[in-house]
>>> print(open('upload-v3.csv').read())   # CSV, N, CA and C atoms and all ligand atoms
chain,number,residue,atom,x,y,z
A,23,MET,N,0.8,-1.2,0.0
A,23,MET,CA,0.0,0.0,0.0
A,23,MET,C,0.9,1.2,0.0
A,24,GLY,N,1.4,1.6,-1.1
A,24,GLY,CA,2.3,2.8,-1.2
A,24,GLY,C,1.6,4.1,-0.8
A,25,TRP,N,0.3,4.2,-1.0
A,25,TRP,CA,-0.4,5.4,-0.7
A,25,TRP,C,-0.3,5.8,0.8
A,26,GLN,N,-0.1,4.8,1.6
A,26,GLN,CA,-0.1,5.0,3.0
A,26,GLN,C,1.0,5.9,3.5
A,27,THR,N,2.1,5.9,2.7
A,27,THR,CA,3.2,6.8,3.1
A,27,THR,C,2.8,8.3,3.0
A,28,HIS,N,1.8,8.6,2.2
A,28,HIS,CA,1.3,10.0,2.0
A,28,HIS,C,0.1,10.3,2.9
A,29,ALA,N,-0.3,9.4,3.7
A,29,ALA,CA,-1.5,9.6,4.5
A,29,ALA,C,-1.4,10.7,5.5
A,30,ALA,N,-2.4,11.6,5.6
A,30,ALA,CA,-2.4,12.7,6.5
A,30,ALA,C,-2.5,12.2,8.0
A,31,CYS,N,-2.9,11.0,8.2
A,31,CYS,CA,-3.1,10.4,9.5
A,31,CYS,C,-1.8,9.6,9.9
A,32,ARG,N,-0.8,9.7,9.1
A,32,ARG,CA,0.4,8.9,9.4
A,32,ARG,C,0.9,9.0,10.8
A,33,ASP,N,0.9,10.2,11.3
A,33,ASP,CA,1.5,10.5,12.6
A,33,ASP,C,0.4,10.7,13.7
A,34,THR,N,-0.8,10.3,13.4
A,34,THR,CA,-1.9,10.5,14.3
A,34,THR,C,-2.2,9.3,15.1
A,35,ASP,N,-2.7,9.5,16.3
A,35,ASP,CA,-3.1,8.3,17.2
A,35,ASP,C,-4.1,7.4,16.4
A,36,PRO,N,-3.7,6.2,16.2
A,36,PRO,CA,-4.6,5.3,15.4
A,36,PRO,C,-5.9,5.0,16.1
A,37,GLU,N,-5.9,5.2,17.4
A,37,GLU,CA,-7.2,4.9,18.2
A,37,GLU,C,-8.3,5.9,17.8
A,38,LEU,N,-7.9,7.1,17.3
A,38,LEU,CA,-8.9,8.0,16.8
A,38,LEU,C,-9.7,7.4,15.7
A,39,PHE,N,-9.1,6.6,14.9
A,39,PHE,CA,-9.7,6.1,13.7
A,39,PHE,C,-10.4,4.7,13.9
A,40,PHE,N,-10.2,4.2,15.2
A,40,PHE,CA,-10.8,3.0,15.5
A,40,PHE,C,-11.5,3.2,16.9
A,41,PRO,N,-12.6,3.9,16.9
A,41,PRO,CA,-13.3,4.2,18.1
A,41,PRO,C,-13.8,2.9,18.8
A,42,PRO,N,-13.8,2.9,20.1
A,42,PRO,CA,-14.2,1.7,20.8
A,42,PRO,C,-15.7,1.5,20.9
A,43,SER,N,-16.4,1.6,19.7
A,43,SER,CA,-17.8,1.3,19.6
A,43,SER,C,-18.1,0.8,18.2
A,44,GLU,N,-19.0,-0.1,18.1
A,44,GLU,CA,-19.4,-0.6,16.8
A,44,GLU,C,-20.7,0.1,16.3
A,45,ASP,N,-21.2,0.9,17.2
A,45,ASP,CA,-22.5,1.6,17.0
A,45,ASP,C,-22.2,3.0,16.3
A,46,ASP,N,-22.4,3.0,15.0
A,46,ASP,CA,-22.2,4.3,14.2
A,46,ASP,C,-22.9,5.5,14.7
A,47,THR,N,-24.0,5.2,15.5
A,47,THR,CA,-24.8,6.3,15.9
A,47,THR,C,-24.4,6.8,17.3
A,48,SER,N,-23.4,6.2,17.9
A,48,SER,CA,-23.0,6.5,19.2
A,48,SER,C,-22.3,7.8,19.3
A,49,THR,N,-22.3,8.4,20.5
A,49,THR,CA,-21.5,9.7,20.7
A,49,THR,C,-20.0,9.5,20.5
A,50,ILE,N,-19.6,8.3,20.9
A,50,ILE,CA,-18.1,8.0,20.8
A,50,ILE,C,-17.7,8.1,19.3
A,51,VAL,N,-18.5,7.5,18.4
A,51,VAL,CA,-18.1,7.5,17.0
A,51,VAL,C,-18.3,8.9,16.4
A,52,ALA,N,-19.4,9.6,16.9
A,52,ALA,CA,-19.6,10.9,16.4
A,52,ALA,C,-18.4,11.8,16.7
A,53,ARG,N,-17.9,11.7,17.9
A,53,ARG,CA,-16.8,12.5,18.4
A,53,ARG,C,-15.5,12.2,17.6
A,54,ALA,N,-15.3,10.9,17.3
A,54,ALA,CA,-14.2,10.5,16.5
A,54,ALA,C,-14.3,11.0,15.1
A,55,ARG,N,-15.5,11.0,14.6
A,55,ARG,CA,-15.6,11.5,13.2
A,55,ARG,C,-15.3,13.0,13.1
A,56,ILE,N,-15.8,13.7,14.1
A,56,ILE,CA,-15.5,15.2,14.2
A,56,ILE,C,-14.0,15.4,14.3
A,57,ALA,N,-13.4,14.6,15.1
A,57,ALA,CA,-11.9,14.8,15.3
A,57,ALA,C,-11.1,14.5,14.1
A,58,ILE,N,-11.5,13.5,13.3
A,58,ILE,CA,-10.7,13.1,12.1
A,58,ILE,C,-11.1,13.9,10.9
A,59,ALA,N,-12.3,14.5,10.9
A,59,ALA,CA,-12.7,15.1,9.6
A,59,ALA,C,-11.7,16.1,9.0
A,60,PRO,N,-11.1,17.0,9.8
A,60,PRO,CA,-10.1,17.9,9.2
A,60,PRO,C,-8.9,17.1,8.7
A,61,ILE,N,-8.5,16.0,9.3
A,61,ILE,CA,-7.3,15.2,8.9
A,61,ILE,C,-7.7,14.6,7.6
A,62,CYS,N,-8.8,13.9,7.5
A,62,CYS,CA,-9.1,13.2,6.2
A,62,CYS,C,-9.4,14.3,5.2
A,63,GLY,N,-10.0,15.4,5.6
A,63,GLY,CA,-10.3,16.4,4.6
A,63,GLY,C,-9.1,17.0,3.9
A,64,ARG,N,-8.0,17.0,4.5
A,64,ARG,CA,-6.8,17.5,3.8
A,64,ARG,C,-5.8,16.4,3.3
A,65,CYS,N,-6.3,15.1,3.4
A,65,CYS,CA,-5.5,14.0,3.1
A,65,CYS,C,-5.4,13.8,1.5
A,66,PRO,N,-4.1,13.8,1.0
A,66,PRO,CA,-4.0,13.7,-0.4
A,66,PRO,C,-4.3,12.3,-1.0
A,67,VAL,N,-4.4,11.3,-0.1
A,67,VAL,CA,-4.7,10.0,-0.6
A,67,VAL,C,-6.1,9.4,-0.1
A,68,ALA,N,-7.0,10.4,0.2
A,68,ALA,CA,-8.3,9.9,0.7
A,68,ALA,C,-9.0,9.0,-0.3
A,69,THR,N,-8.9,9.3,-1.6
A,69,THR,CA,-9.6,8.4,-2.5
A,69,THR,C,-9.0,7.0,-2.5
A,70,GLU,N,-7.7,6.9,-2.5
A,70,GLU,CA,-7.0,5.6,-2.4
A,70,GLU,C,-7.4,4.9,-1.1
A,71,CYS,N,-7.4,5.6,-0.1
A,71,CYS,CA,-7.8,5.1,1.3
A,71,CYS,C,-9.2,4.5,1.2
A,72,LEU,N,-10.2,5.2,0.7
A,72,LEU,CA,-11.5,4.8,0.7
A,72,LEU,C,-11.7,3.6,-0.3
A,73,ARG,N,-11.0,3.7,-1.4
A,73,ARG,CA,-11.1,2.6,-2.4
A,73,ARG,C,-10.5,1.3,-1.8
A,74,TRP,N,-9.4,1.4,-1.1
A,74,TRP,CA,-8.8,0.2,-0.4
A,74,TRP,C,-9.7,-0.4,0.6
A,75,ALA,N,-10.3,0.5,1.5
A,75,ALA,CA,-11.2,0.0,2.5
A,75,ALA,C,-12.4,-0.7,1.9
A,76,LEU,N,-12.9,-0.1,0.8
A,76,LEU,CA,-14.1,-0.8,0.1
A,76,LEU,C,-13.7,-2.1,-0.5
A,77,ASP,N,-12.6,-2.1,-1.2
A,77,ASP,CA,-12.2,-3.3,-2.0
A,77,ASP,C,-11.8,-4.4,-1.1
A,78,THR,N,-11.3,-4.1,0.1
A,78,THR,CA,-10.8,-5.2,1.1
A,78,THR,C,-11.9,-5.4,2.1
A,79,GLY,N,-13.0,-4.8,2.0
A,79,GLY,CA,-14.1,-5.1,2.9
A,79,GLY,C,-13.8,-4.8,4.4
A,80,GLN,N,-13.2,-3.6,4.6
A,80,GLN,CA,-12.9,-3.3,6.0
A,80,GLN,C,-14.2,-3.0,6.8
A,81,ASP,N,-14.4,-3.9,7.8
A,81,ASP,CA,-15.6,-3.8,8.6
A,81,ASP,C,-15.5,-3.0,9.9
A,82,HIS,N,-14.3,-2.5,10.2
A,82,HIS,CA,-14.0,-1.8,11.4
A,82,HIS,C,-13.3,-0.5,11.0
A,83,GLY,N,-13.5,0.5,11.9
A,83,GLY,CA,-12.7,1.7,11.8
A,83,GLY,C,-13.3,2.8,10.8
A,84,LEU,N,-12.7,3.9,10.9
A,84,LEU,CA,-13.1,5.1,10.1
A,84,LEU,C,-12.0,5.2,9.0
A,85,TRP,N,-12.4,4.9,7.8
A,85,TRP,CA,-11.4,5.1,6.7
A,85,TRP,C,-12.0,6.2,5.8
A,86,ALA,N,-11.1,7.2,5.5
A,86,ALA,CA,-11.5,8.3,4.8
A,86,ALA,C,-12.8,8.9,5.4
A,87,ALA,N,-12.9,8.9,6.7
A,87,ALA,CA,-14.0,9.5,7.4
A,87,ALA,C,-15.3,8.8,7.2
A,88,THR,N,-15.3,7.6,6.7
A,88,THR,CA,-16.5,6.8,6.5
A,88,THR,C,-16.6,5.7,7.6
A,89,THR,N,-17.7,5.4,8.1
A,89,THR,CA,-18.0,4.4,9.0
A,89,THR,C,-18.2,3.1,8.3
A,90,PRO,N,-18.2,1.9,9.0
A,90,PRO,CA,-18.5,0.7,8.4
A,90,PRO,C,-19.9,0.7,7.7
A,91,THR,N,-20.8,1.4,8.4
A,91,THR,CA,-22.2,1.5,7.8
A,91,THR,C,-22.1,2.3,6.5
A,92,ASP,N,-21.4,3.4,6.5
A,92,ASP,CA,-21.3,4.2,5.2
A,92,ASP,C,-20.7,3.3,4.1
A,93,ARG,N,-19.7,2.5,4.4
A,93,ARG,CA,-19.0,1.7,3.4
A,93,ARG,C,-19.9,0.5,2.9
A,94,ARG,N,-20.7,0.0,3.9
A,94,ARG,CA,-21.6,-1.1,3.4
A,94,ARG,C,-22.6,-0.5,2.4
A,95,ALA,N,-23.1,0.7,2.7
A,95,ALA,CA,-24.0,1.4,1.8
A,95,ALA,C,-23.4,1.6,0.4
A,96,ILE,N,-22.1,2.1,0.4
A,96,ILE,CA,-21.4,2.3,-0.9
A,96,ILE,C,-21.3,1.0,-1.6
A,97,ARG,N,-20.9,-0.1,-0.8
A,97,ARG,CA,-20.7,-1.4,-1.5
A,97,ARG,C,-22.0,-1.9,-2.1
A,98,ARG,N,-23.1,-1.7,-1.3
A,98,ARG,CA,-24.4,-2.2,-1.9
A,98,ARG,C,-24.8,-1.4,-3.1
A,99,ALA,N,-24.5,-0.1,-3.1
A,99,ALA,CA,-24.8,0.7,-4.3
A,99,ALA,C,-23.9,0.3,-5.5
A,100,ARG,N,-22.6,-0.1,-5.2
A,100,ARG,CA,-21.7,-0.6,-6.2
A,100,ARG,C,-22.3,-1.8,-6.8
A,101,LEU,N,-22.8,-2.7,-6.0
A,101,LEU,CA,-23.3,-4.0,-6.5
A,101,LEU,C,-24.5,-3.8,-7.3
A,102,ALA,N,-25.3,-2.7,-7.0
A,102,ALA,CA,-26.5,-2.4,-7.8
A,102,ALA,C,-26.1,-1.6,-9.1
A,103,GLY,N,-24.8,-1.3,-9.2
A,103,GLY,CA,-24.4,-0.7,-10.5
A,103,GLY,C,-24.3,0.8,-10.4
A,104,VAL,N,-24.5,1.4,-9.2
A,104,VAL,CA,-24.4,2.8,-9.1
A,104,VAL,C,-23.0,3.3,-9.0
A,105,PRO,N,-22.5,4.1,-9.9
A,105,PRO,CA,-21.1,4.5,-9.8
A,105,PRO,C,-20.9,5.4,-8.6
A,106,ASP,N,-19.8,5.3,-7.9
A,106,ASP,CA,-19.5,6.1,-6.7
A,106,ASP,C,-18.4,7.1,-7.1
A,107,PRO,N,-18.8,8.4,-7.1
A,107,PRO,CA,-17.9,9.5,-7.6
A,107,PRO,C,-16.6,9.6,-6.8
A,108,VAL,N,-16.6,9.2,-5.5
A,108,VAL,CA,-15.4,9.3,-4.7
A,108,VAL,C,-14.6,8.0,-4.8
A,109,ALA,N,-15.2,6.9,-4.5
A,109,ALA,CA,-14.4,5.7,-4.5
A,109,ALA,C,-13.9,5.3,-5.9
A,110,ASP,N,-14.7,5.6,-6.9
A,110,ASP,CA,-14.2,5.2,-8.3
A,110,ASP,C,-13.3,6.3,-8.9
A,111,ALA,N,-13.4,7.5,-8.3
A,111,ALA,CA,-12.5,8.6,-8.8
A,111,ALA,C,-12.4,8.8,-10.3
A,112,GLU,N,-13.5,8.5,-10.9
A,112,GLU,CA,-13.6,8.7,-12.4
A,112,GLU,C,-14.2,10.1,-12.6
A,113,PRO,N,-13.8,10.8,-13.6
A,113,PRO,CA,-14.4,12.1,-13.9
A,113,PRO,C,-15.9,11.8,-14.1
A,114,MET,N,-16.7,12.6,-13.4
A,114,MET,CA,-18.2,12.4,-13.6
A,114,MET,C,-18.8,13.4,-14.5
A,115,CYS,N,-19.8,13.0,-15.1
A,115,CYS,CA,-20.6,13.9,-16.1
A,115,CYS,C,-21.2,15.0,-15.3
A,116,SER,N,-20.9,16.2,-15.8
A,116,SER,CA,-21.5,17.4,-15.1
A,116,SER,C,-23.0,17.6,-15.4
A,117,GLY,N,-23.5,16.9,-16.4
A,117,GLY,CA,-24.9,17.0,-16.8
A,117,GLY,C,-25.8,16.2,-16.0
A,118,CYS,N,-25.3,15.2,-15.3
A,118,CYS,CA,-26.2,14.3,-14.5
A,118,CYS,C,-26.4,14.8,-13.1
A,119,ALA,N,-27.5,14.4,-12.6
A,119,ALA,CA,-27.8,14.8,-11.2
A,119,ALA,C,-26.8,14.2,-10.3
A,120,LEU,N,-26.5,14.9,-9.1
A,120,LEU,CA,-25.6,14.3,-8.2
A,120,LEU,C,-26.0,13.0,-7.6
A,121,LEU,N,-27.3,12.7,-7.7
A,121,LEU,CA,-27.8,11.5,-7.1
A,121,LEU,C,-27.4,10.3,-7.9
A,122,PHE,N,-27.1,10.5,-9.2
A,122,PHE,CA,-26.8,9.3,-10.0
A,122,PHE,C,-25.8,9.7,-11.1
A,123,PRO,N,-24.6,10.2,-10.7
A,123,PRO,CA,-23.6,10.7,-11.6
A,123,PRO,C,-23.0,9.5,-12.5
A,124,MET,N,-22.8,9.8,-13.7
A,124,MET,CA,-22.2,8.8,-14.6
A,124,MET,C,-20.8,9.2,-15.0
A,125,PRO,N,-19.9,8.2,-15.2
A,125,PRO,CA,-18.6,8.5,-15.6
A,125,PRO,C,-18.6,9.2,-17.0
A,126,SER,N,-17.6,10.1,-17.1
A,126,SER,CA,-17.4,10.7,-18.4
A,126,SER,C,-16.0,10.7,-18.8
A,127,VAL,N,-15.7,11.0,-20.0
A,127,VAL,CA,-14.3,11.0,-20.5
A,127,VAL,C,-13.9,12.4,-20.8
A,128,ASP,N,-12.8,12.9,-20.2
A,128,ASP,CA,-12.2,14.2,-20.4
A,128,ASP,C,-13.3,15.3,-20.1
A,129,GLY,N,-14.1,15.1,-19.1
A,129,GLY,CA,-15.1,16.1,-18.7
A,129,GLY,C,-16.2,16.3,-19.6
A,130,ALA,N,-16.3,15.4,-20.6
A,130,ALA,CA,-17.5,15.5,-21.6
A,130,ALA,C,-18.7,15.0,-20.9
A,131,LEU,N,-19.9,15.3,-21.5
A,131,LEU,CA,-21.1,14.7,-21.0
A,131,LEU,C,-21.1,13.2,-21.3
A,132,CYS,N,-21.8,12.5,-20.4
A,132,CYS,CA,-21.9,11.1,-20.6
A,132,CYS,C,-22.9,10.8,-21.8
A,133,ALA,N,-22.9,9.6,-22.2
A,133,ALA,CA,-23.7,9.2,-23.4
A,133,ALA,C,-25.1,9.5,-23.2
A,134,ALA,N,-25.6,9.2,-22.0
A,134,ALA,CA,-27.1,9.4,-21.7
A,134,ALA,C,-27.4,10.9,-21.8
A,135,CYS,N,-26.5,11.8,-21.3
A,135,CYS,CA,-26.8,13.2,-21.4
A,135,CYS,C,-26.7,13.8,-22.8
A,136,ILE,N,-25.8,13.2,-23.5
A,136,ILE,CA,-25.7,13.6,-25.0
A,136,ILE,C,-26.9,13.3,-25.7
A,137,GLU,N,-27.4,12.0,-25.4
A,137,GLU,CA,-28.6,11.6,-26.1
A,137,GLU,C,-29.8,12.5,-25.6
A,138,ARG,N,-29.9,12.8,-24.3
A,138,ARG,CA,-31.0,13.6,-23.8
A,138,ARG,C,-31.0,15.0,-24.5
A,139,SER,N,-29.8,15.6,-24.7
A,139,SER,CA,-29.7,16.9,-25.2
A,139,SER,C,-29.8,17.0,-26.7
A,140,ALA,N,-29.9,15.9,-27.4
A,140,ALA,CA,-29.9,15.9,-28.8
A,140,ALA,C,-31.4,16.2,-29.3
B,201,LIG,S1,-8.3,9.6,4.3
B,201,LIG,FE1,-8.2,9.8,6.5
B,201,LIG,S2,-8.0,7.6,7.2
B,201,LIG,FE2,-7.6,7.6,5.0
B,201,LIG,S3,-5.3,7.8,4.9
B,201,LIG,FE3,-6.2,9.9,4.7
B,201,LIG,S4,-6.2,10.7,6.8
B,201,LIG,FE4,-5.9,8.4,6.9
>>> encode(input="upload-v3.csv", output="structure tokens", more="lines below")
Ligand code: SF4
Amino acid sequence: MGWQTHAACRDTDPELFFPPSEDDTSTIVARARIAIAPICGRCPVATECLRWALDTGQDHGLWAATTPTDRRAIRRARLAGVPDPVADAEPMCSGCALLFPMPSVDGALCAACIERSA
């Protein structure tokens, strides 16, 4: 995992990212999310981190500020064929609604938007 050498959390207490609660709705997890948000927010490898956590099925910890519940939801959406703009890091079509962004090439509209605008 070469991306880890560039992680903004490299010198941070790992316990912040592994709160002692499995309950995503708990105050403990909420506090941990607030604490790590600025760290993950400026992390240059957040996309790689989230992709790795999704691809390896990490069921514990806060990866790229996502909880296990967040990641399960992203994985379910992936299985349903919904592209994820963060995890996939593909350029998204600016013409699609944010709810269902489609990949595009070089910032161009996706095929569906081109067809709709024709
Ligand atoms: S996104 Fe957050 S958890 Fe992931 S490597 Fe960066 S700082 Fe660490």
>>> residues_around(input="upload-v3.csv", residues="Asp45 in chain A", least_positions_apart="5", cutoff="10 Å", atoms="only C-alpha atoms", output="VMD selection string")
chain A and resid 50 to 52 89 to 91
>>> residues_near_ligand(input="upload-v3.csv", ligand="ligand LIG 201 (chain B)", cutoff="6 Å", atoms="all atoms listed in the file", output="list of chain:residue names")
A:Ala29, A:Ala30, A:Cys31, A:Arg32, A:Ile61, A:Cys62, A:Gly63, A:Cys65, A:Pro66, A:Val67, A:Ala68, A:Thr69, A:Cys71, A:Leu72, A:Leu84, A:Trp85, A:Ala86, A:Ala87
>>> atom_distance(input="upload-v3.csv", atom1="CA of Gly83 in chain A", atom2="CA of Ile96 in chain A")
15.4 Å
>>> atom_distance(input="upload-v3.csv", atom1="CA of Trp25 in chain A", atom2="CA of Ala75 in chain A")
12.5 Å
>>> select_by_dssp(input="upload-v3.csv", residues="range 31-111 of chain A", states="alpha helix (DSSP H)", output="ChimeraX atom specification")
/A:49-63,68-77,90-101
>>> atom_distance(input="upload-v3.csv", atom1="atom C of Arg73 in chain A", atom2="CA of Arg98 in chain A")
14.3 Å
>>> closest_residue(input="upload-v3.csv", among="A:Leu76, A:Arg100, A:Thr88, A:Glu70", to="Arg55 in chain A", atoms="only N, CA and C atoms")
A:Thr88
>>> closest_residue(input="upload-v3.csv", among="A:Thr78, A:Asp92, A:Gly103, A:Ile136", to="Thr47 in chain A", atoms="only C-alpha atoms")
A:Asp92
